[in-house]
>>> print(open('target_6.cif').read())   # mmCIF, C-alpha atoms
data_protein
#
loop_
_atom_site.label_atom_id
_atom_site.label_comp_id
_atom_site.auth_asym_id
_atom_site.auth_seq_id
_atom_site.Cartn_x
_atom_site.Cartn_y
_atom_site.Cartn_z
CA MET A 905 0.00 0.00 0.00
CA PHE A 906 2.82 2.43 0.85
CA THR A 907 5.99 3.31 -1.04
CA LEU A 908 8.76 5.65 0.01
CA GLU A 909 7.48 8.17 -2.53
CA SER A 910 3.92 8.01 -1.22
CA VAL A 911 5.07 8.36 2.41
CA GLU A 912 7.20 11.38 1.56
CA TRP A 913 4.26 12.89 -0.33
CA LEU A 914 1.88 12.26 2.61
CA ALA A 915 4.30 14.20 4.82
CA SER A 916 4.39 17.13 2.39
CA PRO A 917 2.09 20.16 2.68
CA GLU A 918 -0.07 18.82 -0.17
CA GLY A 919 -0.35 15.40 1.48
CA GLU A 920 -1.20 16.98 4.82
CA ARG A 921 -4.02 18.95 3.19
CA VAL A 922 -5.47 15.78 1.68
CA LEU A 923 -5.26 13.96 5.03
CA ALA A 924 -6.90 16.90 6.80
CA ARG A 925 -9.77 16.75 4.32
CA LEU A 926 -10.17 13.00 4.81
CA ALA A 927 -10.21 13.43 8.59
CA GLY A 928 -13.64 15.04 8.24
CA GLU A 929 -15.07 12.26 6.06
CA ASN A 930 -16.93 9.05 6.79
CA LEU A 931 -14.10 6.55 6.18
CA SER A 932 -16.07 3.31 6.48
CA ASP A 933 -15.61 0.61 3.85
CA ASP A 934 -19.04 1.40 2.44
CA HIS A 935 -17.68 4.76 1.27
CA THR A 936 -14.50 3.47 -0.39
CA LEU A 937 -15.67 3.93 -3.97
CA ARG A 938 -16.91 7.48 -3.33
CA LEU A 939 -13.72 8.47 -1.51
CA ILE A 940 -11.35 6.98 -4.08
CA THR A 941 -13.33 8.53 -6.94
CA SER A 942 -13.09 11.93 -5.28
CA LEU A 943 -9.35 11.59 -4.56
CA ARG A 944 -8.57 10.36 -8.07
CA ARG A 945 -9.75 13.66 -9.57
CA ASP A 946 -6.47 15.22 -8.45
CA LEU A 947 -4.20 12.34 -7.41
CA SER A 948 -2.56 9.27 -8.85
CA ALA A 949 -3.95 5.87 -7.86
CA GLU A 950 -0.93 5.28 -5.61
CA ARG A 951 -1.30 8.55 -3.73
CA ALA A 952 -5.07 8.26 -3.44
CA GLY A 953 -4.82 4.73 -2.02
CA ALA A 954 -2.05 5.69 0.38
CA ALA A 955 -3.95 8.73 1.67
CA LEU A 956 -7.14 6.77 2.31
CA GLU A 957 -5.23 3.95 4.02
CA LEU A 958 -3.34 6.29 6.32
CA ALA A 959 -6.50 8.26 7.17
CA ARG A 960 -8.22 5.03 8.20
CA LEU A 961 -5.21 3.81 10.17
CA ARG A 962 -5.07 7.09 12.09
CA VAL A 963 -8.63 6.49 13.24
CA LYS A 964 -7.79 2.93 14.34
CA ALA A 965 -4.63 4.14 16.08
CA VAL A 966 -6.45 6.40 18.54
CA ASP A 967 -6.85 3.49 20.99
CA LYS A 968 -3.07 3.04 21.16
CA PHE A 969 -1.81 6.57 20.55
CA GLY A 970 -4.62 8.90 21.59
CA ALA A 971 -4.72 12.33 19.98
CA ASP A 972 -1.15 11.86 18.68
CA ALA A 973 -2.50 9.36 16.14
CA SER A 974 -3.78 12.19 13.95
CA ARG A 975 -0.17 13.27 13.25
CA MET A 976 1.48 9.87 12.95
CA PHE A 977 2.29 7.39 10.19
CA PHE A 978 1.43 3.68 10.25
CA THR A 979 1.27 0.57 8.17
CA ARG A 980 -1.56 -1.81 9.03
CA ASP A 981 0.75 -4.57 10.28
CA ALA A 982 2.92 -2.16 12.27
CA LEU A 983 -0.11 -0.65 14.00
CA GLU A 984 -1.51 -4.07 14.91
CA GLN A 985 1.83 -5.11 16.44
CA ALA A 986 2.57 -1.80 18.20
CA SER A 987 2.80 -2.14 21.97
CA ASP A 988 -0.09 -1.12 24.18
CA PRO A 989 0.47 2.41 25.56
CA LEU A 990 0.69 1.15 29.15
CA VAL A 991 3.25 -1.45 28.10
CA ARG A 992 5.31 1.27 26.38
CA ARG A 993 5.15 3.31 29.60
CA TRP A 994 6.15 0.29 31.70
CA ARG A 995 9.08 -0.49 29.44
CA SER A 996 10.44 3.04 29.51
CA ARG A 997 9.62 4.15 33.07
CA VAL A 998 9.61 1.10 35.27
CA TRP A 999 11.19 -1.98 33.81
CA ILE A 1000 14.37 -0.34 32.49
CA LYS A 1001 14.38 2.83 34.56
CA SER A 1002 17.65 4.47 35.38
CA ASP A 1003 18.68 7.53 37.38
CA THR A 1004 20.55 8.86 34.36
CA PRO A 1005 19.74 8.39 30.65
CA TYR A 1006 21.97 5.98 28.77
CA PRO A 1007 22.36 4.87 25.15
CA MET A 1008 19.67 2.43 23.99
CA LEU A 1009 19.36 0.37 20.82
CA ASP A 1010 15.84 -0.29 19.53
CA LEU A 1011 16.31 -3.26 17.19
CA CYS A 1012 13.54 -3.74 14.62
CA CYS A 1013 12.06 -0.42 15.68
CA SER A 1014 9.34 -0.49 12.98
CA ILE A 1015 7.34 2.78 13.02
CA GLY A 1016 9.07 3.88 16.23
CA SER A 1017 6.37 3.50 18.89
CA ASP A 1018 8.74 2.05 21.50
CA THR A 1019 11.54 4.30 20.25
CA ALA A 1020 9.34 7.31 20.99
CA ALA A 1021 8.45 6.05 24.48
CA LEU A 1022 12.12 5.50 25.31
CA ALA A 1023 13.10 8.88 23.91
CA ALA A 1024 10.31 10.57 25.87
CA ALA A 1025 11.68 8.98 29.05
CA GLY A 1026 15.05 10.59 28.38
CA PHE A 1027 17.01 7.70 26.90
CA SER A 1028 19.39 8.29 24.02
CA VAL A 1029 17.93 5.93 21.41
CA ILE A 1030 19.12 4.61 18.07
CA GLY A 1031 16.42 2.70 16.19
CA TYR A 1032 17.20 0.19 13.46
CA ASP A 1033 14.84 -1.36 10.93
CA ILE A 1034 15.49 -3.17 7.66
CA ASP A 1035 12.30 -1.83 6.04
CA PRO A 1036 12.98 1.63 4.52
CA ILE A 1037 9.29 2.56 4.62
CA ARG A 1038 8.91 1.80 8.32
CA ALA A 1039 12.23 3.52 9.08
CA GLU A 1040 11.00 6.66 7.32
CA MET A 1041 7.69 6.47 9.20
CA ALA A 1042 9.63 6.19 12.46
CA ARG A 1043 11.56 9.38 11.62
CA LEU A 1044 8.33 11.19 10.79
CA ASN A 1045 6.62 9.97 13.96
CA LEU A 1046 9.45 11.11 16.19
CA ALA A 1047 9.43 14.51 14.51
CA ALA A 1048 5.64 14.77 14.84
CA LEU A 1049 5.91 14.02 18.55
CA GLY A 1050 8.76 16.47 19.07
CA LEU A 1051 11.17 13.73 20.14
CA VAL A 1052 14.80 13.12 19.28
CA ALA A 1053 16.19 9.72 18.30
CA ARG A 1054 18.32 8.44 15.45
CA ILE A 1055 16.72 6.02 13.00
CA GLU A 1056 18.88 3.88 10.74
CA GLU A 1057 17.86 1.54 7.95
CA SER A 1058 19.90 -1.57 8.71
CA ASP A 1059 19.87 -5.37 8.85
CA ILE A 1060 20.47 -6.12 12.53
CA THR A 1061 21.70 -9.63 11.71
CA THR A 1062 24.89 -8.00 10.40
CA LEU A 1063 24.93 -4.90 12.58
CA VAL A 1064 28.05 -4.31 14.70
CA PRO A 1065 27.12 -1.39 16.99
CA GLU A 1066 29.41 0.19 19.55
CA ASN A 1067 28.99 2.29 22.68
CA TYR A 1068 25.52 1.29 23.83
CA ALA A 1069 24.28 0.35 27.28
CA MET A 1070 21.24 -1.75 26.44
CA ALA A 1071 19.47 -3.36 23.47
CA PHE A 1072 15.71 -3.79 23.05
CA PHE A 1073 14.73 -6.28 20.32
CA ASP A 1074 11.22 -6.54 18.85
CA PRO A 1075 11.22 -9.23 16.12
CA ALA A 1076 8.23 -9.79 13.82
CA ARG A 1077 6.01 -12.55 15.18
CA ARG A 1078 3.74 -12.96 12.14
CA ASP A 1079 4.52 -14.40 8.72
CA GLU A 1080 3.91 -12.71 5.37
CA HIS A 1081 0.28 -13.90 5.44
CA GLY A 1082 -0.39 -12.41 8.87
CA ASN A 1083 -0.39 -15.73 10.71
CA ARG A 1084 1.14 -15.88 14.19
CA ILE A 1085 4.56 -17.50 14.52
CA TYR A 1086 4.99 -19.63 17.64
CA ASN A 1087 8.59 -20.81 17.18
CA VAL A 1088 10.99 -18.12 18.44
CA GLU A 1089 13.63 -19.21 15.91
CA LYS A 1090 11.18 -18.54 13.08
CA TYR A 1091 10.63 -14.94 14.16
CA THR A 1092 12.00 -12.33 11.73
CA PRO A 1093 14.83 -12.10 12.71
CA PRO A 1094 15.07 -15.17 15.00
CA LEU A 1095 15.45 -14.76 18.76
CA SER A 1096 19.04 -16.03 18.67
CA VAL A 1097 20.09 -12.78 16.95
CA ILE A 1098 20.14 -11.21 20.42
CA ASP A 1099 23.27 -13.23 21.21
CA ARG A 1100 25.19 -10.81 19.01
CA PHE A 1101 24.42 -7.90 21.35
CA THR A 1102 26.50 -8.63 24.41
CA LEU A 1103 27.97 -5.25 25.34
CA GLY A 1104 25.17 -4.58 27.77
CA PRO A 1105 21.85 -5.89 29.12
CA TRP A 1106 19.14 -6.73 26.60
CA ALA A 1107 15.42 -7.40 26.37
CA VAL A 1108 13.25 -9.08 23.75
CA LYS A 1109 9.53 -8.67 23.18
CA LEU A 1110 7.92 -12.09 22.67
CA SER A 1111 4.49 -13.57 22.11
CA PRO A 1112 2.77 -14.21 25.48
CA GLY A 1113 1.80 -17.67 24.25
CA LEU A 1114 5.37 -18.89 23.77
CA GLN A 1115 6.42 -22.26 25.13
CA ARG A 1116 8.84 -21.70 28.01
CA GLU A 1117 11.20 -24.44 26.86
CA GLN A 1118 11.94 -22.43 23.70
CA VAL A 1119 13.73 -19.78 25.77
CA GLN A 1120 15.28 -22.20 28.26
CA PRO A 1121 18.84 -21.72 26.85
CA TRP A 1122 18.68 -18.01 27.76
CA LEU A 1123 17.00 -18.67 31.10
CA ALA A 1124 19.78 -21.10 31.95
CA ARG A 1125 22.29 -18.30 31.31
CA GLY A 1126 20.56 -15.92 33.73
CA ALA A 1127 17.73 -14.32 31.75
CA SER A 1128 14.27 -13.86 33.26
CA LEU A 1129 10.82 -14.06 31.71
CA HIS A 1130 8.19 -11.36 32.30
CA PHE A 1131 4.50 -11.81 31.42
CA VAL A 1132 2.58 -8.54 31.10
CA SER A 1133 -1.16 -7.93 31.28
CA VAL A 1134 -3.07 -4.67 30.95
CA HIS A 1135 -6.27 -4.55 32.99
CA GLY A 1136 -6.34 -8.36 32.96
CA ASP A 1137 -5.69 -8.75 29.23
CA LEU A 1138 -2.41 -10.58 28.55
CA LYS A 1139 -0.37 -8.48 26.13
CA GLU A 1140 3.16 -9.80 25.80
CA ALA A 1141 6.10 -11.67 27.25
CA THR A 1142 9.54 -10.12 27.62
CA LEU A 1143 12.79 -12.02 27.95
CA SER A 1144 15.39 -9.89 29.71
CA TYR A 1145 19.02 -10.28 30.66
CA TRP A 1146 20.77 -7.92 33.03
CA GLY A 1147 24.06 -9.75 33.52
CA LEU A 1148 24.00 -9.03 37.25
CA ASP A 1149 24.85 -11.60 39.90
CA GLY A 1150 22.26 -12.07 42.60
CA LEU A 1151 19.31 -10.86 40.50
CA ASP A 1152 16.18 -12.97 40.87
CA HIS A 1153 15.76 -14.88 37.61
CA SER A 1154 12.29 -16.26 38.41
CA ASP A 1155 9.39 -15.68 36.05
CA TRP A 1156 7.64 -12.39 36.77
CA ALA A 1157 4.02 -11.32 36.32
CA TRP A 1158 3.14 -7.70 35.69
CA LEU A 1159 -0.29 -6.08 35.86
CA LEU A 1160 -0.49 -2.61 34.36
CA THR A 1161 -3.20 -0.02 34.94
CA GLU A 1162 -3.34 3.73 34.49
CA ASP A 1163 -2.60 4.12 38.20
CA ALA A 1164 0.16 1.58 38.83
CA ASP A 1165 2.56 -1.00 37.43
CA LEU A 1166 2.23 -4.00 39.77
CA HIS A 1167 4.61 -6.94 39.78
CA TRP A 1168 4.56 -10.41 41.32
CA VAL A 1169 7.49 -12.77 41.65
CA ILE A 1170 8.15 -15.78 43.89
CA THR A 1171 10.46 -14.67 46.69
CA GLY A 1172 11.29 -18.05 48.21
CA ASP A 1173 10.40 -21.74 48.35
CA MET A 1174 6.64 -22.27 48.28
CA PRO A 1175 4.93 -24.68 50.67
CA PRO A 1176 2.52 -27.04 48.93
CA VAL A 1177 -1.01 -25.78 48.27
CA SER A 1178 -3.92 -27.83 49.58
CA ILE A 1179 -6.35 -29.48 47.19
CA SER A 1180 -9.98 -29.36 48.32
CA GLU A 1181 -13.53 -29.18 47.09
CA PRO A 1182 -14.87 -25.71 46.25
CA HIS A 1183 -15.28 -23.15 49.03
CA ALA A 1184 -17.34 -19.94 48.92
CA TRP A 1185 -15.57 -18.05 46.14
CA LEU A 1186 -14.13 -19.17 42.80
CA ILE A 1187 -10.95 -17.22 42.02
CA GLU A 1188 -9.46 -16.70 38.56
CA PRO A 1189 -5.93 -15.25 38.69
CA ASP A 1190 -4.74 -12.61 36.25
CA PRO A 1191 -3.47 -14.29 33.05
CA ALA A 1192 0.03 -12.96 33.70
CA LEU A 1193 0.08 -14.93 36.96
CA ILE A 1194 -1.12 -18.02 35.11
CA ARG A 1195 1.52 -17.78 32.37
CA ALA A 1196 4.26 -17.09 34.94
CA GLY A 1197 3.33 -20.26 36.85
CA LEU A 1198 2.24 -18.33 39.93
CA VAL A 1199 -1.26 -19.76 40.48
CA ALA A 1200 -0.22 -21.80 43.52
CA ASP A 1201 1.64 -18.82 44.96
CA ALA A 1202 -1.49 -16.68 44.53
CA ALA A 1203 -3.63 -19.37 46.19
CA LEU A 1204 -1.31 -19.30 49.20
CA LYS A 1205 -1.32 -15.52 49.40
CA PHE A 1206 -5.14 -15.36 49.41
CA ASN A 1207 -5.58 -18.34 51.79
CA GLY A 1208 -7.11 -20.46 49.08
CA THR A 1209 -7.01 -24.07 47.98
CA GLN A 1210 -6.75 -25.49 44.49
CA LEU A 1211 -9.28 -27.79 42.85
CA ASP A 1212 -6.61 -29.62 40.91
CA GLU A 1213 -2.87 -29.05 40.52
CA SER A 1214 -3.26 -28.59 36.75
CA ILE A 1215 -6.19 -26.12 36.89
CA ALA A 1216 -5.67 -22.35 37.07
CA TYR A 1217 -8.57 -21.75 39.45
CA PHE A 1218 -8.58 -21.78 43.23
CA THR A 1219 -11.29 -21.17 45.80
CA THR A 1220 -11.42 -19.20 49.06
CA ASP A 1221 -13.71 -18.72 52.04
CA THR A 1222 -13.69 -14.93 51.68
CA LYS A 1223 -13.50 -12.74 48.61
CA PRO A 1224 -9.96 -11.42 47.96
CA GLU A 1225 -9.77 -7.69 47.39
CA SER A 1226 -7.02 -7.44 44.79
CA PRO A 1227 -6.64 -6.35 41.15
CA TRP A 1228 -4.73 -9.60 40.57
CA VAL A 1229 -7.87 -11.78 40.67
CA ARG A 1230 -11.50 -11.98 39.64
CA ALA A 1231 -14.00 -13.68 41.96
CA TRP A 1232 -17.39 -15.38 41.55
CA ARG A 1233 -19.59 -16.30 44.52
CA ILE A 1234 -20.18 -20.06 44.46
CA LEU A 1235 -23.77 -21.19 44.97
CA ASP A 1236 -23.33 -24.92 44.38
CA TRP A 1237 -21.27 -27.54 42.57
CA MET A 1238 -21.70 -31.12 41.33
CA PRO A 1239 -20.04 -33.78 39.19
CA PHE A 1240 -20.71 -32.84 35.58
CA ASN A 1241 -23.81 -34.50 34.14
CA GLY A 1242 -25.77 -32.71 31.44
CA LYS A 1243 -29.21 -34.05 32.40
CA LYS A 1244 -28.77 -33.37 36.12
CA LEU A 1245 -27.44 -29.89 35.43
CA LYS A 1246 -30.39 -29.14 33.16
CA ALA A 1247 -32.87 -30.24 35.83
CA TYR A 1248 -31.03 -28.30 38.54
CA LEU A 1249 -31.16 -25.05 36.56
CA ARG A 1250 -34.80 -25.47 35.54
CA GLU A 1251 -35.82 -26.00 39.17
CA ARG A 1252 -34.25 -22.63 39.96
CA ASN A 1253 -35.86 -20.74 37.06
CA VAL A 1254 -32.51 -20.16 35.34
CA GLY A 1255 -32.93 -19.10 31.71
CA THR A 1256 -29.56 -17.53 30.92
CA VAL A 1257 -26.08 -18.88 31.60
CA THR A 1258 -22.54 -17.74 31.00
CA VAL A 1259 -20.16 -20.68 30.63
CA LYS A 1260 -16.48 -20.62 31.61
CA LYS A 1261 -14.19 -23.61 31.22
CA ARG A 1262 -10.74 -24.91 32.16
CA GLY A 1263 -9.59 -28.49 31.80
CA THR A 1264 -12.62 -29.87 29.99
CA ALA A 1265 -13.48 -30.67 26.38
CA VAL A 1266 -17.08 -29.54 26.75
CA THR A 1267 -17.65 -26.21 25.00
CA PRO A 1268 -20.22 -23.48 25.71
CA GLU A 1269 -21.41 -23.75 22.11
CA THR A 1270 -22.27 -27.42 22.70
CA LEU A 1271 -23.63 -27.21 26.25
CA ILE A 1272 -25.92 -24.17 26.15
CA PRO A 1273 -28.26 -25.43 23.38
CA GLN A 1274 -28.53 -28.81 25.15
CA LEU A 1275 -29.75 -27.19 28.36
CA LYS A 1276 -32.81 -25.65 26.62
CA LEU A 1277 -33.33 -23.23 29.48
CA LYS A 1278 -36.34 -21.02 30.15
CA GLY A 1279 -36.55 -18.67 33.07
CA SER A 1280 -35.77 -15.23 34.40
CA GLU A 1281 -32.66 -16.00 36.48
CA SER A 1282 -29.05 -15.90 35.31
CA ARG A 1283 -26.03 -17.90 36.46
CA THR A 1284 -22.38 -18.47 35.56
CA LEU A 1285 -21.39 -22.11 35.02
CA VAL A 1286 -17.74 -23.06 35.44
CA LEU A 1287 -16.76 -26.35 33.81
CA THR A 1288 -13.53 -27.63 35.32
CA ARG A 1289 -11.93 -30.49 37.27
CA TYR A 1290 -11.73 -31.41 40.95
CA GLN A 1291 -9.00 -33.97 41.67
CA GLY A 1292 -9.12 -35.11 38.06
CA GLN A 1293 -12.91 -35.47 37.86
CA GLN A 1294 -15.14 -33.29 35.68
CA ILE A 1295 -17.33 -30.95 37.73
CA VAL A 1296 -19.54 -27.93 37.19
CA ILE A 1297 -19.56 -25.02 39.64
CA ILE A 1298 -22.69 -22.86 39.69
CA CYS A 1299 -21.92 -19.23 40.52
CA GLU A 1300 -23.56 -15.88 40.71
CA ASP A 1301 -22.74 -13.77 37.70
CA TYR A 1302 -19.51 -11.79 37.92
CA GLN A 1303 -19.89 -8.44 39.65
CA PRO A 1304 -17.06 -6.06 38.69
CA GLU A 1305 -15.79 -3.69 41.32
#
>>> encode(input="target_6.cif", output="C-alpha cells")
Amino acid sequence: MFTLESVEWLASPEGERVLARLAGENLSDDHTLRLITSLRRDLSAERAGAALELARLRVKAVDKFGADASRMFFTRDALEQASDPLVRRWRSRVWIKSDTPYPMLDLCCSIGSDTAALAAAGFSVIGYDIDPIRAEMARLNLAALGLVARIEESDITTLVPENYAMAFFDPARRDEHGNRIYNVEKYTPPLSVIDRFTLGPWAVKLSPGLQREQVQPWLARGASLHFVSVHGDLKEATLSYWGLDGLDHSDWAWLLTEDADLHWVITGDMPPVSISEPHAWLIEPDPALIRAGLVADAALKFNGTQLDESIAYFTTDTKPESPWVRAWRILDWMPFNGKKLKAYLRERNVGTVTVKKRGTAVTPETLIPQLKLKGSESRTLVLTRYQGQQIVIICEDYQPE
C-alpha cells in the first residue's frame, strides 16, 4: 500500500491537506468507492490509495496513541503489532528505569512507537529497521511528537554497533500472510540474533503464548521471563538479561493499569497448596500470573485451595480484594452430568447462563443449546476439574468492582 514516494508525499504540505480533508469524512468501507473517486480527480492511484489507508489507520490508532495518532504514520501490520500504551510506559519508566539516561538500541524499531516512548523517558535511542518505509515512518513519527532519536535503515543480523548500554529487540512474530509465529527461531529475525548484542543488558519482546522451553537456553544463562497484562488482558512476554549476579531470575508477572505497574514474583520456596472441594468463592488469577506459573503462589497468598494441581482456578472462604484476581460467589457444585445440570437449573428458574471452562473438552457452544433453558434468572457455570474429575460449579454472575 505504501511506497517511500507516497510516504514522503503524505508528509508534504499537499499530502497533509489531503489527510486533513479525509479526517472530516466518513471513512467506512461502504464509502470506499466514493472516496477513491473523489481523490482520483487530483491524485494518482498510488497517492489516493495511500492517503485513504493512512487516514483510516489514524482512526484505528487512537486506541493506542490517543490524539497523537492524527499526526502519525502507520502501516496496518505495524499498527496491529505496536505495543499497548501502558506497556510502552512500563518499558520506559519502570522496567528499564535508570537515574541517568543511557544509550539504547531499539532493534527492529518499525514505526518507532517504543523508540518514541524510550526517547520521551530521556534515553538516548538509536532505532534500526530493515524496512525503509517503516524507518521513514519512524523518523516522521518522532518529529511529529517532538522527540529526538536516530533512526537507521539496517539489517540487525549483520549490525556491529558500539557504545551502547542496552538493546531492546522486537522481532516480527507474524509471517507474510499475517499468521502468528509460535517458534521463536522462526521470528524475523530469529530470537538467537540477540546473542550478538553482548555489550550490555538486553530485552526481547515475545508472544505471550510462547512455550517456556523455547527460551530455556537463555533462562539457563541468567535471563528472566516477564508476562505482562493490561487490565487483565495478557499483552506480551519479555525475555530480559541484566548480567547481574544475585538478580532474581524467576518468572515475573506484571499487571499494568493507568494508576500503577504492579509486579509479582516468587520470593522463596513455596509450601505445597492444599487441594480441596470448592469453598465460597471461585478465584481466577490474572493471566500474567497463570503464564508465569504463579497460580499456587497466589492461592497461598489469598488463603485459598486449588481444585486440581493442573487447573488455574482456586477457591477461598472470603472474597480477595485485589486487582490480581476476579472472583465469583459459588452457589453450588456437582459432578458434571448434562441431564442433572439441566434439571437443577430449571428448578431454579434459570434461563440464561454464561459458561467458563478450564480443563474440559465440553464447549459453551455445545452445552448451552442442550440445556434448553427457560426462566428469568441468570447464572455463571464453570466447567472444570476437581481432583481429576469433571465438575460444574454454579456461581452468581460476575460483579465487577
>>> resolve_selection(input="target_6.cif", expression="the PyMOL selection byres ((chain A and resi 1200-1209) around 6)", output="ChimeraX atom specification")
/A:1178-1179,1198-1199,1210,1218-1220
>>> atom_distance(input="target_6.cif", atom1="CA of Asp1137 in chain A", atom2="CA of Ser987 in chain A")
13.0 Å
>>> atom_distance(input="target_6.cif", atom1="CA of Ala1164 in chain A", atom2="CA of Pro1189 in chain A")
17.9 Å
>>> axis_aligned_box(input="target_6.cif", around="range 1269-1274 of chain A", padding_each_side="6 Å", output="AutoDock Vina command-line options")
--center_x -25.0 --center_y -26.3 --center_z 24.2 --size_x 19.1 --size_y 17.1 --size_z 16.1
>>> resolve_selection(input="target_6.cif", expression="the PyMOL selection byres ((chain A and resi 1043) around 12)", output="number ranges by chain")
A: 911-912, 915, 976-978, 1013-1017, 1019-1020, 1030-1033, 1036-1042, 1044-1057
>>> residues_around(input="target_6.cif", residues="range 1126-1136 of chain A", least_positions_apart="4", cutoff="8 Å", atoms="all atoms listed in the file", output="number ranges by chain")
A: 990-991, 1112, 1122, 1140-1147, 1152-1161, 1190-1193, 1195-1196, 1228
>>> resolve_selection(input="target_6.cif", expression="the PyMOL selection byres ((chain A and resi 1092) around 10)", output="list in words")
Cys1012, Asp1074, Pro1075, Ala1076, Arg1077, Arg1078, Asp1079, Ile1085, Val1088, Glu1089, Lys1090, Tyr1091, Pro1093, Pro1094, Leu1095 and Val1097 of chain A
>>> closest_residue(input="target_6.cif", among="A:Tyr1006, A:Tyr1290, A:Tyr1248, A:Phe1101", to="Leu1275 in chain A", atoms="all atoms listed in the file")
A:Tyr1248
>>> residues_near_point(input="target_6.cif", point="(-12.7, -26.5, 36.8)", cutoff="12 Å", atoms="only C-alpha atoms", output="count of residues only")
41
>>> atom_distance(input="target_6.cif", atom1="CA of Leu1271 in chain A", atom2="CA of Arg1233 in chain A")
21.7 Å
>>> closest_residue(input="target_6.cif", among="A:Val1169, A:Met1070, A:Leu1011, A:Leu931", to="Phe1027 in chain A", atoms="all atoms listed in the file")
A:Met1070
>>> closest_residue(input="target_6.cif", among="A:Asp972, A:Glu1162, A:Asp1221, A:Asp1010", to="Val1108 in chain A", atoms="all atoms listed in the file")
A:Asp1010
>>> closest_residue(input="target_6.cif", among="A:Leu1123, A:Ala973, A:Pro1007, A:Leu1277", to="Tyr1068 in chain A", atoms="all atoms listed in the file")
A:Pro1007
>>> closest_residue(input="target_6.cif", among="A:Ser1280, A:Pro1304, A:Trp913, A:Met1174", to="Glu1225 in chain A", atoms="only C-alpha atoms")
A:Pro1304
